[in-house]
Amino acid sequence: MIVAHLSDLHPGFRAYGHTERGVDVRERDVAVAWERAVQELVRLAPQVVVVAGDVFDRPDPPAGALVTLARSLELLRSSLPQTPVLMVAGPRDTPRRPGDPGALAVLDTFPNVEAAAGLPRSILLERLDLHASLVPYRAAVREPALTPEPDPRARWNLLVLHAREGGPEEGGVFVDPSDWDYVALGGEHRRRRVSGRIQYSGSLERVALDPWDEAADEKGFLTVDLERGETTFHPIPGRAVV
């Protein structure tokens, strides 16, 4: 069972005011990084793709960001029709009004996409014998604290979470790693292993307002072999910081 783990895509990100032919250069860079990642996903053909939050750069993304995501998701659907895409909203995707689901709810209407924008969701993929718990940012920071639970009937249990791991006293969600075959975290732009089964994949591009903070980082995404417990990093080339 191969799971591809991405996070912090941030299409619609704009910075520095540099445009070419009326398009913000950094917005285009971020879109190109996602398109390259999708091409690599098609080549790798994982059984599941997860995006752990901040799918967009803001709750009301520009039309170009929506088009970029829609076209890429359609390419994934047509190229990998048996591969579901599981998404959770991050703080950037989450409107301030509790009743507003934001743009991520639009992606949930795609036939190959399951997206959690406000409330947590449990997805059972019987063909893969996989249970996925999707915990978006709004659910992760609510009180009382949320404790996601695995499904003992499933062969594989996957948690997709945009929050800190560590419990409410640390501003996060408590996760028992022994309950889950893998925990896909979003919210940090740098790739980081919390423990063997709990990891941040990092962002696909340098989306911090200070580019020097991530200047030396290699960007990309992870694939995880749940059977073997092995993780592989797949770099995605982006614009160099000079």
# chains A, B, ... in the order shown; residues from 1 in each chain; ligands from 1

$ select_by_dssp --residues "stretch 62-232 of chain A" --states "strand (DSSP E or B)" --output "mmCIF file with C-alpha atoms, in the first residue's frame"
data_model
loop_
_atom_site.group_PDB
_atom_site.id
_atom_site.type_symbol
_atom_site.label_atom_id
_atom_site.label_comp_id
_atom_site.auth_asym_id
_atom_site.auth_seq_id
_atom_site.Cartn_x
_atom_site.Cartn_y
_atom_site.Cartn_z
ATOM 1 C CA VAL A 85 -7.390 12.060 -3.277
ATOM 2 C CA LEU A 86 -8.012 12.884 0.383
ATOM 3 C CA MET A 87 -7.774 16.519 1.502
ATOM 4 C CA VAL A 88 -8.164 18.493 4.730
ATOM 5 C CA VAL A 113 -11.796 13.670 -4.092
ATOM 6 C CA GLU A 114 -12.818 13.446 -0.434
ATOM 7 C CA ALA A 115 -12.282 16.776 1.334
ATOM 8 C CA ALA A 116 -12.885 17.777 4.964
ATOM 9 C CA ARG A 121 -14.584 12.813 8.385
ATOM 10 C CA SER A 122 -13.987 9.077 8.412
ATOM 11 C CA ILE A 123 -13.518 7.538 4.989
ATOM 12 C CA LEU A 124 -13.614 3.773 4.533
ATOM 13 C CA LEU A 125 -12.118 2.603 1.256
ATOM 14 C CA LEU A 130 -8.167 1.377 4.332
ATOM 15 C CA HIS A 131 -9.757 3.687 6.880
ATOM 16 C CA ALA A 132 -8.749 7.355 6.692
ATOM 17 C CA SER A 133 -9.573 9.907 9.375
ATOM 18 C CA LEU A 134 -9.558 13.437 7.928
ATOM 19 C CA VAL A 135 -9.161 16.191 10.536
ATOM 20 C CA TRP A 156 -4.765 0.099 7.278
ATOM 21 C CA ASN A 157 -5.501 3.197 9.352
ATOM 22 C CA LEU A 158 -4.406 6.575 8.067
ATOM 23 C CA LEU A 159 -4.729 9.936 9.838
ATOM 24 C CA VAL A 160 -4.576 13.179 7.827
ATOM 25 C CA LEU A 161 -4.225 16.176 10.117
ATOM 26 C CA HIS A 162 -3.449 19.867 9.777
ATOM 27 C CA ARG A 164 0.434 20.212 15.748
ATOM 28 C CA GLU A 165 0.839 16.736 17.132
ATOM 29 C CA GLY A 172 -2.276 20.476 18.978
ATOM 30 C CA VAL A 173 -4.019 17.107 18.848
ATOM 31 C CA TYR A 182 0.723 6.525 9.172
ATOM 32 C CA VAL A 183 -0.052 10.102 10.258
ATOM 33 C CA ALA A 184 0.215 12.687 7.459
ATOM 34 C CA LEU A 185 0.727 16.127 8.981
ATOM 35 C CA GLY A 186 0.462 19.553 7.391
ATOM 36 C CA ARG A 192 10.208 16.763 9.298
ATOM 37 C CA ARG A 193 9.819 13.351 10.873
ATOM 38 C CA VAL A 194 8.085 13.560 14.250
ATOM 39 C CA SER A 195 8.415 9.811 14.740
ATOM 40 C CA ILE A 198 4.248 10.658 11.991
ATOM 41 C CA GLN A 199 5.670 13.086 9.444
ATOM 42 C CA TYR A 200 5.355 16.531 7.910
ATOM 43 C CA GLY A 220 8.804 18.013 -2.680
ATOM 44 C CA PHE A 221 6.523 15.337 -1.241
ATOM 45 C CA LEU A 222 6.642 11.909 0.388
ATOM 46 C CA THR A 223 5.477 8.444 -0.507
ATOM 47 C CA VAL A 224 5.026 5.904 2.255
ATOM 48 C CA ASP A 225 4.993 2.139 1.865
ATOM 49 C CA GLU A 230 9.488 2.943 4.362
ATOM 50 C CA THR A 231 9.296 6.609 3.346
ATOM 51 C CA THR A 232 10.694 8.097 0.141
#

$ residues_around --residues "A:Gly102" --least-positions-apart "4" --cutoff "8 Å" --atoms "only C-alpha atoms" --output "MDAnalysis selection string"
chainID A and resid 59:60 93:95 106 117

$ write_last_selection --atoms "all heavy atoms" --output "compact mmCIF listing (two decimals), in the first residue's frame"
# COMPACT_ATOMS: atom_id res chain seq x y z
N PRO A 59 -8.85 31.51 1.96
CA PRO A 59 -10.18 30.90 1.81
C PRO A 59 -10.90 31.30 0.53
O PRO A 59 -11.74 30.54 0.04
CB PRO A 59 -10.94 31.41 3.04
CG PRO A 59 -9.90 31.80 4.02
CD PRO A 59 -8.73 32.27 3.21
N ASP A 60 -10.58 32.50 0.00
CA ASP A 60 -11.21 32.95 -1.24
C ASP A 60 -10.14 33.05 -2.33
O ASP A 60 -9.75 34.14 -2.73
CB ASP A 60 -11.90 34.31 -1.04
CG ASP A 60 -10.95 35.36 -0.49
OD1 ASP A 60 -9.89 34.98 0.07
OD2 ASP A 60 -11.23 36.56 -0.65
N ASP A 93 -7.15 27.73 4.36
CA ASP A 93 -8.36 27.35 3.64
C ASP A 93 -9.63 27.64 4.42
O ASP A 93 -10.72 27.45 3.89
CB ASP A 93 -8.37 25.83 3.36
CG ASP A 93 -7.14 25.36 2.63
OD1 ASP A 93 -6.83 25.90 1.58
OD2 ASP A 93 -6.51 24.43 3.14
N THR A 94 -9.50 28.05 5.68
CA THR A 94 -10.64 28.09 6.59
C THR A 94 -11.17 29.51 6.75
O THR A 94 -10.49 30.37 7.30
CB THR A 94 -10.23 27.54 7.97
OG1 THR A 94 -9.70 26.22 7.80
CG2 THR A 94 -11.43 27.49 8.90
N PRO A 95 -12.40 29.78 6.28
CA PRO A 95 -12.99 31.10 6.48
C PRO A 95 -13.24 31.38 7.96
O PRO A 95 -13.36 30.46 8.77
CB PRO A 95 -14.32 31.02 5.70
CG PRO A 95 -14.16 29.86 4.78
CD PRO A 95 -13.25 28.90 5.48
N VAL A 106 -15.68 23.00 -2.74
CA VAL A 106 -15.89 22.84 -4.18
C VAL A 106 -15.15 21.59 -4.68
O VAL A 106 -15.68 20.81 -5.47
CB VAL A 106 -15.40 24.09 -4.94
CG1 VAL A 106 -15.52 23.90 -6.44
CG2 VAL A 106 -16.20 25.31 -4.50
N ALA A 117 -13.56 20.09 5.20
CA ALA A 117 -13.32 21.52 5.33
C ALA A 117 -13.54 22.02 6.74
O ALA A 117 -12.80 22.89 7.22
CB ALA A 117 -14.22 22.28 4.36

$ select_by_dssp --residues "stretch 131-214 of chain A" --states "helix (DSSP H, G or I)" --output "ChimeraX atom specification"
/A:137-140,168-170,177-179,211-214

$ write_last_selection --atoms "N, CA, C and O atoms" --output "PDB file, in the first residue's frame"
ATOM      1  N   TYR A 137      -8.323  21.804  10.013  1.00  0.00           N
ATOM      2  CA  TYR A 137      -7.836  22.741  11.034  1.00  0.00           C
ATOM      3  C   TYR A 137      -8.934  23.160  12.000  1.00  0.00           C
ATOM      4  O   TYR A 137      -8.726  23.198  13.213  1.00  0.00           O
ATOM      5  N   ARG A 138     -10.111  23.480  11.475  1.00  0.00           N
ATOM      6  CA  ARG A 138     -11.207  23.966  12.328  1.00  0.00           C
ATOM      7  C   ARG A 138     -11.585  22.919  13.381  1.00  0.00           C
ATOM      8  O   ARG A 138     -11.864  23.257  14.533  1.00  0.00           O
ATOM      9  N   ALA A 139     -11.580  21.651  13.015  1.00  0.00           N
ATOM     10  CA  ALA A 139     -11.895  20.593  13.965  1.00  0.00           C
ATOM     11  C   ALA A 139     -10.744  20.353  14.934  1.00  0.00           C
ATOM     12  O   ALA A 139     -10.951  20.012  16.098  1.00  0.00           O
ATOM     13  N   ALA A 140      -9.512  20.543  14.462  1.00  0.00           N
ATOM     14  CA  ALA A 140      -8.350  20.260  15.306  1.00  0.00           C
ATOM     15  C   ALA A 140      -8.206  21.247  16.454  1.00  0.00           C
ATOM     16  O   ALA A 140      -7.693  20.882  17.521  1.00  0.00           O
ATOM     17  N   PRO A 168      -3.561  19.233  23.436  1.00  0.00           N
ATOM     18  CA  PRO A 168      -4.086  20.581  23.513  1.00  0.00           C
ATOM     19  C   PRO A 168      -3.200  21.544  24.297  1.00  0.00           C
ATOM     20  O   PRO A 168      -3.194  22.739  24.027  1.00  0.00           O
ATOM     21  N   GLU A 169      -2.446  21.042  25.299  1.00  0.00           N
ATOM     22  CA  GLU A 169      -1.578  21.934  26.058  1.00  0.00           C
ATOM     23  C   GLU A 169      -0.462  22.504  25.194  1.00  0.00           C
ATOM     24  O   GLU A 169       0.140  23.517  25.530  1.00  0.00           O
ATOM     25  N   GLU A 170      -0.198  21.885  24.065  1.00  0.00           N
ATOM     26  CA  GLU A 170       0.796  22.373  23.114  1.00  0.00           C
ATOM     27  C   GLU A 170       0.137  22.967  21.874  1.00  0.00           C
ATOM     28  O   GLU A 170       0.794  23.201  20.861  1.00  0.00           O
ATOM     29  N   PRO A 177       0.803   7.088  18.221  1.00  0.00           N
ATOM     30  CA  PRO A 177       1.315   6.516  16.971  1.00  0.00           C
ATOM     31  C   PRO A 177       1.046   5.036  16.812  1.00  0.00           C
ATOM     32  O   PRO A 177       1.024   4.523  15.688  1.00  0.00           O
ATOM     33  N   SER A 178       0.835   4.332  17.917  1.00  0.00           N
ATOM     34  CA  SER A 178       0.573   2.900  17.806  1.00  0.00           C
ATOM     35  C   SER A 178      -0.805   2.605  17.224  1.00  0.00           C
ATOM     36  O   SER A 178      -1.082   1.485  16.797  1.00  0.00           O
ATOM     37  N   ASP A 179      -1.692   3.623  17.192  1.00  0.00           N
ATOM     38  CA  ASP A 179      -3.037   3.438  16.650  1.00  0.00           C
ATOM     39  C   ASP A 179      -3.073   3.530  15.129  1.00  0.00           C
ATOM     40  O   ASP A 179      -4.063   3.104  14.514  1.00  0.00           O
ATOM     41  N   PRO A 211      11.954  34.530   2.024  1.00  0.00           N
ATOM     42  CA  PRO A 211      12.460  33.395   1.239  1.00  0.00           C
ATOM     43  C   PRO A 211      13.730  32.804   1.813  1.00  0.00           C
ATOM     44  O   PRO A 211      14.032  31.631   1.592  1.00  0.00           O
ATOM     45  N   TRP A 212      14.499  33.601   2.585  1.00  0.00           N
ATOM     46  CA  TRP A 212      15.769  33.099   3.106  1.00  0.00           C
ATOM     47  C   TRP A 212      15.545  32.038   4.174  1.00  0.00           C
ATOM     48  O   TRP A 212      16.424  31.211   4.419  1.00  0.00           O
ATOM     49  N   ASP A 213      14.374  32.057   4.805  1.00  0.00           N
ATOM     50  CA  ASP A 213      14.086  31.086   5.857  1.00  0.00           C
ATOM     51  C   ASP A 213      14.074  29.661   5.313  1.00  0.00           C
ATOM     52  O   ASP A 213      14.371  28.708   6.034  1.00  0.00           O
ATOM     53  N   GLU A 214      13.749  29.510   4.017  1.00  0.00           N
ATOM     54  CA  GLU A 214      13.671  28.183   3.409  1.00  0.00           C
ATOM     55  C   GLU A 214      14.622  28.055   2.225  1.00  0.00           C
ATOM     56  O   GLU A 214      14.476  27.141   1.412  1.00  0.00           O
TER      57      GLU A 214
END

$ closest_residue --among "A:Leu146, A:Val51, A:Val67, A:Leu9" --to "A:Val175" --atoms "only C-alpha atoms"
A:Leu146

$ closest_residue --among "A:Glu218, A:Glu35, A:Asp29, A:Glu227" --to "A:Ser72" --atoms "only C-alpha atoms"
A:Glu35

$ atom_distance --atom1 "atom CA of A:Asp108" --atom2 "atom CA of A:Glu74"
12.6 Å

$ residues_around --residues "A:Val30" --least-positions-apart "3" --cutoff "7 Å" --atoms "only C-alpha atoms" --output "list in words"
Pro11, Arg26, Glu27, Ala33, Trp34 and Glu205 of chain A

$ atom_distance --atom1 "atom CA of A:Arg155" --atom2 "atom CA of A:Val3"
14.1 Å

$ atom_distance --atom1 "atom CA of A:Asn112" --atom2 "atom CA of A:Glu40"
17.9 Å

$ closest_residue --among "A:Val242, A:Leu107, A:Leu226, A:His234" --to "A:Leu44" --atoms "only C-alpha atoms"
A:His234
